[in-house]
Amino acid sequence: MGKEYFSIKFENDNLIFLDQTKLPLEEKYVTSDDYERISEAIEKLEIRGAPLIGIAAAYALALSIKNASKEVLIEKFNLAFNRLHRTRPTAVNLFHALNEIKNVFEANKNSEDIYQIVLEKAKQFHQEDIDKCERIGFNGLAIFKKKSTVLTHCNTGKLATGGDGTAFSVIKKGFEKGLVEFVYADETRPLLQGLRLTSFELERNGIPFAIQSDSMAAVLMQQSKIDLVIAGADRIALNGDSANKIGTYNLAVLCNYHNIPFYIAAPTTTIDNKIATGSEIEIEIRNKKELLTINGIQVAPNHYETFSPAFDVTPSHLISGIITEDKIYTFPYNFIK
Ligand code: MRU
């Protein structure tokens with residue numbers, strides 16, 4: 001088992017976060033009490049993963065009023081709320097977190113202890129995610145019919161959540177119970193969350209793994225090397241359509257063709273109860289530089305046109321089950337408004 005690591009921690013009125021853009025070659029922690037710096041960290045994917053973005057934003061919003069006088073309290077809060085709201089559009093956890101903090105702020109803004117009250121709410125939000133991750137892992141054990149080899153996409157572990165992760169928590173619990181023997185991790189172009197982050201977490205947890213580029217998943221399935229696929233989600237519509245890292249939909253289609261179960265694991269905070277289907281999910285388009293460069297090195301000229309959505313939507317009929325902290329839902333999905 002490798003050295004302990006964490007994605008974020010709140011200590012001495014500061015947020016400490018692991019800069020995920022440097023992993024796995026460098027483990028650099030950043031300390032900040034500045035919501036602007038934390039907003040930038042979310043935009044640059046120093047802090048990433050749907051639940052973690054929400055938790056970081058909740059702390060950042062609390063920090064925005066740490067030293068605010070009564071005169072500027074509301075203005076400071078609203079500025080920070082709007083700034084954090086603009087960071088990334090797809091993960092609904094961000095908006096859930098900001099709205100929960102805002103509700104507590106509105107109800108208590110005349111209190112002398114407003115910073116402490118809002119901070120307590122952020123801490124509670126963080127703790128709830130830790131508990132949800134644990135329960136997702138436990139509920140997910142039911143999907144393993146035998147000792148399995150799992151394929152996963154992007155990063156869904158401690159680096160993406162407050163706790164042990166979503167899909168990763170299922171894999172970790174499965175491994176501890178002897179139900180997962182090997183993991184294939186998609187590299188996850190273009191930002192390499194699989195190659196850089198999932199590999200880091202699998203290694204630290206002592207789970208045997210191999211990395212393959214996204215285009216190699218079909219061959220692994222054709223050669224009967226994959227028993228099931230588990231991925232996370234950034235936003236789930238009421239009918240179960242699930243947005244996740246670009247390339248997830250490819251896997252769901254491949255699983256359907258090869259008759260391999262395809263699961264999504266996510267906390268219920270990832271369900272957007274305002275949208276009926278996945279067509280309403282706003283998909284973030286990333287800067288073309290992320291495709292034209294690799295680790296800062298230019299590999300194609302800047303004038304090339306690119307197509308660079310950060311997420312895709314998997315239609316719910318391709319999802320064998322959605323593993324949540326409550327239970328495993330199966331098709332047809334009818335999440336309640
Ligand atoms: O762009 P990212 O790295 O924030 O995308 C993350 C993902 O797509 C994860 O799979 C998703 O947030 C689920 S994490 C528990």
# chains A, B, ... in the order shown; residues from 1 in each chain; ligands from 1
$ closest_atom_pairs --of "stretch 47-138 of chain A" --to "stretch 166-174 of chain A" --cutoff "7 Å" --atoms "only C-alpha atoms" --output "JSON lines"
{"residue": "A:Cys133", "atom": "CA", "partner": "A:Thr166", "partner_atom": "CA", "distance": 5.7}
{"residue": "A:Glu134", "atom": "CA", "partner": "A:Ser169", "partner_atom": "CA", "distance": 7.0}
{"residue": "A:Ile136", "atom": "CA", "partner": "A:Thr166", "partner_atom": "CA", "distance": 6.3}
{"residue": "A:Gly137", "atom": "CA", "partner": "A:Val170", "partner_atom": "CA", "distance": 4.0}
{"residue": "A:Phe138", "atom": "CA", "partner": "A:Lys173", "partner_atom": "CA", "distance": 6.7}
$ closest_atom_pairs --of "chain A" --to "ligand 1" --cutoff "9 Å" --atoms "only C-alpha atoms and all ligand atoms" --output "JSON lines"
{"residue": "A:Ile42", "atom": "CA", "partner": "ligand 1", "partner_atom_place_in_ligand_line": "4 (O)", "distance": 8.3}
{"residue": "A:Leu45", "atom": "CA", "partner": "ligand 1", "partner_atom_place_in_ligand_line": "4 (O)", "distance": 6.5}
{"residue": "A:Ile47", "atom": "CA", "partner": "ligand 1", "partner_atom_place_in_ligand_line": "4 (O)", "distance": 7.7}
{"residue": "A:Arg48", "atom": "CA", "partner": "ligand 1", "partner_atom_place_in_ligand_line": "4 (O)", "distance": 4.1}
{"residue": "A:Gly49", "atom": "CA", "partner": "ligand 1", "partner_atom_place_in_ligand_line": "12 (O)", "distance": 3.6}
{"residue": "A:Ala50", "atom": "CA", "partner": "ligand 1", "partner_atom_place_in_ligand_line": "12 (O)", "distance": 3.7}
{"residue": "A:Pro51", "atom": "CA", "partner": "ligand 1", "partner_atom_place_in_ligand_line": "15 (C)", "distance": 6.0}
{"residue": "A:Leu52", "atom": "CA", "partner": "ligand 1", "partner_atom_place_in_ligand_line": "15 (C)", "distance": 7.7}
{"residue": "A:Ile53", "atom": "CA", "partner": "ligand 1", "partner_atom_place_in_ligand_line": "4 (O)", "distance": 7.6}
{"residue": "A:Arg88", "atom": "CA", "partner": "ligand 1", "partner_atom_place_in_ligand_line": "4 (O)", "distance": 8.7}
{"residue": "A:Ala91", "atom": "CA", "partner": "ligand 1", "partner_atom_place_in_ligand_line": "12 (O)", "distance": 6.8}
{"residue": "A:Cys133", "atom": "CA", "partner": "ligand 1", "partner_atom_place_in_ligand_line": "15 (C)", "distance": 8.9}
{"residue": "A:His153", "atom": "CA", "partner": "ligand 1", "partner_atom_place_in_ligand_line": "10 (O)", "distance": 6.8}
{"residue": "A:Cys154", "atom": "CA", "partner": "ligand 1", "partner_atom_place_in_ligand_line": "10 (O)", "distance": 5.2}
{"residue": "A:Asn155", "atom": "CA", "partner": "ligand 1", "partner_atom_place_in_ligand_line": "10 (O)", "distance": 5.4}
{"residue": "A:Thr156", "atom": "CA", "partner": "ligand 1", "partner_atom_place_in_ligand_line": "14 (S)", "distance": 3.9}
{"residue": "A:Gly157", "atom": "CA", "partner": "ligand 1", "partner_atom_place_in_ligand_line": "15 (C)", "distance": 6.3}
{"residue": "A:Lys158", "atom": "CA", "partner": "ligand 1", "partner_atom_place_in_ligand_line": "15 (C)", "distance": 8.3}
{"residue": "A:Leu159", "atom": "CA", "partner": "ligand 1", "partner_atom_place_in_ligand_line": "14 (S)", "distance": 8.3}
{"residue": "A:Ala160", "atom": "CA", "partner": "ligand 1", "partner_atom_place_in_ligand_line": "14 (S)", "distance": 4.8}
{"residue": "A:Thr161", "atom": "CA", "partner": "ligand 1", "partner_atom_place_in_ligand_line": "15 (C)", "distance": 5.6}
{"residue": "A:Gly165", "atom": "CA", "partner": "ligand 1", "partner_atom_place_in_ligand_line": "15 (C)", "distance": 5.6}
{"residue": "A:Thr166", "atom": "CA", "partner": "ligand 1", "partner_atom_place_in_ligand_line": "15 (C)", "distance": 4.9}
{"residue": "A:Ala167", "atom": "CA", "partner": "ligand 1", "partner_atom_place_in_ligand_line": "15 (C)", "distance": 6.9}
{"residue": "A:Phe168", "atom": "CA", "partner": "ligand 1", "partner_atom_place_in_ligand_line": "15 (C)", "distance": 7.9}
{"residue": "A:Leu191", "atom": "CA", "partner": "ligand 1", "partner_atom_place_in_ligand_line": "3 (O)", "distance": 7.7}
{"residue": "A:Leu192", "atom": "CA", "partner": "ligand 1", "partner_atom_place_in_ligand_line": "3 (O)", "distance": 8.7}
{"residue": "A:Gln193", "atom": "CA", "partner": "ligand 1", "partner_atom_place_in_ligand_line": "3 (O)", "distance": 6.2}
{"residue": "A:Ala231", "atom": "CA", "partner": "ligand 1", "partner_atom_place_in_ligand_line": "10 (O)", "distance": 6.2}
{"residue": "A:Gly232", "atom": "CA", "partner": "ligand 1", "partner_atom_place_in_ligand_line": "13 (C)", "distance": 4.0}
{"residue": "A:Ala233", "atom": "CA", "partner": "ligand 1", "partner_atom_place_in_ligand_line": "13 (C)", "distance": 4.4}
{"residue": "A:Asp234", "atom": "CA", "partner": "ligand 1", "partner_atom_place_in_ligand_line": "12 (O)", "distance": 4.7}
{"residue": "A:Arg235", "atom": "CA", "partner": "ligand 1", "partner_atom_place_in_ligand_line": "12 (O)", "distance": 8.4}
{"residue": "A:Ala243", "atom": "CA", "partner": "ligand 1", "partner_atom_place_in_ligand_line": "8 (O)", "distance": 7.9}
{"residue": "A:Asn244", "atom": "CA", "partner": "ligand 1", "partner_atom_place_in_ligand_line": "8 (O)", "distance": 4.5}
{"residue": "A:Lys245", "atom": "CA", "partner": "ligand 1", "partner_atom_place_in_ligand_line": "8 (O)", "distance": 3.6}
{"residue": "A:Ile246", "atom": "CA", "partner": "ligand 1", "partner_atom_place_in_ligand_line": "8 (O)", "distance": 7.4}
{"residue": "A:Thr248", "atom": "CA", "partner": "ligand 1", "partner_atom_place_in_ligand_line": "10 (O)", "distance": 8.6}
{"residue": "A:Ala265", "atom": "CA", "partner": "ligand 1", "partner_atom_place_in_ligand_line": "15 (C)", "distance": 7.8}
{"residue": "A:Ala266", "atom": "CA", "partner": "ligand 1", "partner_atom_place_in_ligand_line": "15 (C)", "distance": 6.5}
{"residue": "A:Pro267", "atom": "CA", "partner": "ligand 1", "partner_atom_place_in_ligand_line": "15 (C)", "distance": 8.3}
{"residue": "A:Thr270", "atom": "CA", "partner": "ligand 1", "partner_atom_place_in_ligand_line": "13 (C)", "distance": 8.8}
{"residue": "A:Glu284", "atom": "CA", "partner": "ligand 1", "partner_atom_place_in_ligand_line": "1 (O)", "distance": 9.0}
{"residue": "A:Ala310", "atom": "CA", "partner": "ligand 1", "partner_atom_place_in_ligand_line": "1 (O)", "distance": 6.2}
{"residue": "A:Phe311", "atom": "CA", "partner": "ligand 1", "partner_atom_place_in_ligand_line": "8 (O)", "distance": 6.7}
$ select_by_dssp --residues "stretch 118-290 of chain A" --states "strand (DSSP E)" --output "count of residues only"
30
$ closest_residue --among "A:Arg204, A:His258, A:Lys102, A:Arg135" --to "A:Lys327" --atoms "only C-alpha atoms"
A:Arg135
$ residues_around --residues "A:Lys147" --least-positions-apart "6" --cutoff "12 Å" --atoms "only C-alpha atoms" --output "short mmCIF file (atom, residue, chain, number, x, y, z; two decimals) with N, CA and C atoms, in the first residue's frame"
data_model
loop_
_atom_site.label_atom_id
_atom_site.label_comp_id
_atom_site.auth_asym_id
_atom_site.auth_seq_id
_atom_site.Cartn_x
_atom_site.Cartn_y
_atom_site.Cartn_z
N LEU A 141 -20.90 -3.77 -4.69
CA LEU A 141 -20.37 -5.14 -4.61
C LEU A 141 -21.30 -6.15 -5.28
N ILE A 171 -14.67 -0.34 -7.27
CA ILE A 171 -13.50 -1.14 -7.65
C ILE A 171 -12.67 -1.47 -6.40
N GLY A 174 -14.45 -3.89 -4.20
CA GLY A 174 -14.43 -5.18 -4.88
C GLY A 174 -13.07 -5.85 -4.74
N PHE A 175 -12.02 -5.08 -4.86
CA PHE A 175 -10.66 -5.62 -4.73
C PHE A 175 -10.43 -6.14 -3.31
N GLU A 176 -10.86 -5.34 -2.32
CA GLU A 176 -10.67 -5.74 -0.91
C GLU A 176 -11.42 -7.04 -0.59
N LYS A 177 -12.54 -7.25 -1.29
CA LYS A 177 -13.34 -8.46 -1.03
C LYS A 177 -12.93 -9.62 -1.96
N GLY A 178 -11.88 -9.42 -2.76
CA GLY A 178 -11.44 -10.49 -3.67
C GLY A 178 -12.33 -10.64 -4.90
N LEU A 179 -13.12 -9.63 -5.22
CA LEU A 179 -14.03 -9.73 -6.36
C LEU A 179 -13.50 -9.01 -7.60
N VAL A 180 -12.48 -8.18 -7.43
CA VAL A 180 -11.83 -7.52 -8.57
C VAL A 180 -10.39 -7.98 -8.58
N GLU A 181 -9.95 -8.55 -9.72
CA GLU A 181 -8.55 -8.99 -9.74
C GLU A 181 -7.64 -8.11 -10.59
N PHE A 182 -8.24 -7.38 -11.54
CA PHE A 182 -7.40 -6.56 -12.42
C PHE A 182 -8.24 -5.42 -12.98
N VAL A 183 -7.58 -4.27 -13.21
CA VAL A 183 -8.28 -3.11 -13.76
C VAL A 183 -7.56 -2.61 -15.02
N ILE A 226 -12.51 -8.30 -20.62
CA ILE A 226 -13.24 -7.40 -19.72
C ILE A 226 -14.54 -8.05 -19.26
N ASP A 227 -14.75 -8.10 -17.94
CA ASP A 227 -16.02 -8.65 -17.42
C ASP A 227 -17.07 -7.56 -17.29
N LEU A 228 -16.65 -6.38 -16.90
CA LEU A 228 -17.61 -5.27 -16.82
C LEU A 228 -16.90 -3.92 -16.84
#
$ closest_residue --among "A:Phe209, A:Tyr263, A:Tyr304, A:Tyr257" --to "A:Thr324" --atoms "only C-alpha atoms"
A:Tyr263
$ closest_residue --among "A:Lys9, A:Lys289, A:Arg196, A:His96" --to "A:Gly54" --atoms "only C-alpha atoms"
A:His96
$ closest_residue --among "A:Ile264, A:Ile207, A:Leu61, A:Leu119" --to "A:Gly2" --atoms "only C-alpha atoms"
A:Ile207
$ residues_around --residues "A:Leu15" --least-positions-apart "6" --cutoff "12 Å" --atoms "only C-alpha atoms" --output "PyMOL selection string"
chain A and resi 6-9+29-35+37-38+41+47+55-64+119+122-123
$ atom_distance --atom1 "atom CA of A:Lys76" --atom2 "atom CA of A:Thr269"
26.5 Å
$ closest_atom_pairs --of "stretch 150-239 of chain A" --to "stretch 333-336 of chain A" --cutoff "12 Å" --atoms "only C-alpha atoms" --output "CSV"
residue,atom,partner,partner_atom,distance
A:Ile236,CA,A:Phe335,CA,9.4
A:Ala237,CA,A:Phe335,CA,8.1
A:Leu238,CA,A:Phe335,CA,4.8
A:Asn239,CA,A:Tyr333,CA,5.1
$ residues_around --residues "A:Glu305" --least-positions-apart "2" --cutoff "12 Å" --atoms "only C-alpha atoms" --output "list in words"
Asn287, Lys288, Lys289, Leu291, Leu292, Ala300, Pro301, Asn302, His303, Phe307 and Ser308 of chain A
$ residues_around --residues "A:Ser111" --least-positions-apart "5" --cutoff "12 Å" --atoms "only C-alpha atoms" --output "JSON list (two decimals) with N, CA, C and O atoms, in the first residue's frame"
[["chain", "number", "residue", "atom", "x", "y", "z"],
["A", 69, "SER", "N", -16.80, 42.52, 6.39],
["A", 69, "SER", "CA", -17.56, 43.35, 7.34],
["A", 69, "SER", "C", -19.03, 43.30, 6.92],
["A", 69, "SER", "O", -19.35, 42.90, 5.78],
["A", 70, "LYS", "N", -19.91, 43.72, 7.81],
["A", 70, "LYS", "CA", -21.36, 43.68, 7.54],
["A", 70, "LYS", "C", -21.71, 44.43, 6.25],
["A", 70, "LYS", "O", -22.57, 44.01, 5.48],
["A", 73, "LEU", "N", -20.69, 42.29, 3.14],
["A", 73, "LEU", "CA", -20.94, 40.84, 3.23],
["A", 73, "LEU", "C", -21.71, 40.30, 2.02],
["A", 73, "LEU", "O", -21.25, 39.37, 1.34],
["A", 104, "VAL", "N", -28.27, 28.59, 3.04],
["A", 104, "VAL", "CA", -27.85, 28.76, 4.44],
["A", 104, "VAL", "C", -27.43, 30.22, 4.67],
["A", 104, "VAL", "O", -27.76, 30.82, 5.70],
["A", 105, "PHE", "N", -26.75, 30.78, 3.69],
["A", 105, "PHE", "CA", -26.33, 32.18, 3.80],
["A", 105, "PHE", "C", -27.55, 33.09, 3.92],
["A", 105, "PHE", "O", -27.61, 33.96, 4.80],
["A", 106, "GLU", "N", -28.52, 32.89, 3.05],
["A", 106, "GLU", "CA", -29.72, 33.76, 3.04],
["A", 106, "GLU", "C", -30.46, 33.68, 4.38],
["A", 106, "GLU", "O", -30.91, 34.70, 4.90],
["A", 116, "GLN", "N", -18.89, 31.21, 10.21],
["A", 116, "GLN", "CA", -18.83, 29.88, 10.83],
["A", 116, "GLN", "C", -20.03, 29.02, 10.43],
["A", 116, "GLN", "O", -19.89, 27.81, 10.19],
["A", 117, "ILE", "N", -21.19, 29.64, 10.32],
["A", 117, "ILE", "CA", -22.40, 28.89, 9.96],
["A", 117, "ILE", "C", -22.28, 28.32, 8.54],
["A", 117, "ILE", "O", -22.55, 27.15, 8.28],
["A", 118, "VAL", "N", -21.82, 29.18, 7.64],
["A", 118, "VAL", "CA", -21.68, 28.75, 6.24],
["A", 118, "VAL", "C", -20.57, 27.69, 6.12],
["A", 118, "VAL", "O", -20.71, 26.70, 5.41]]
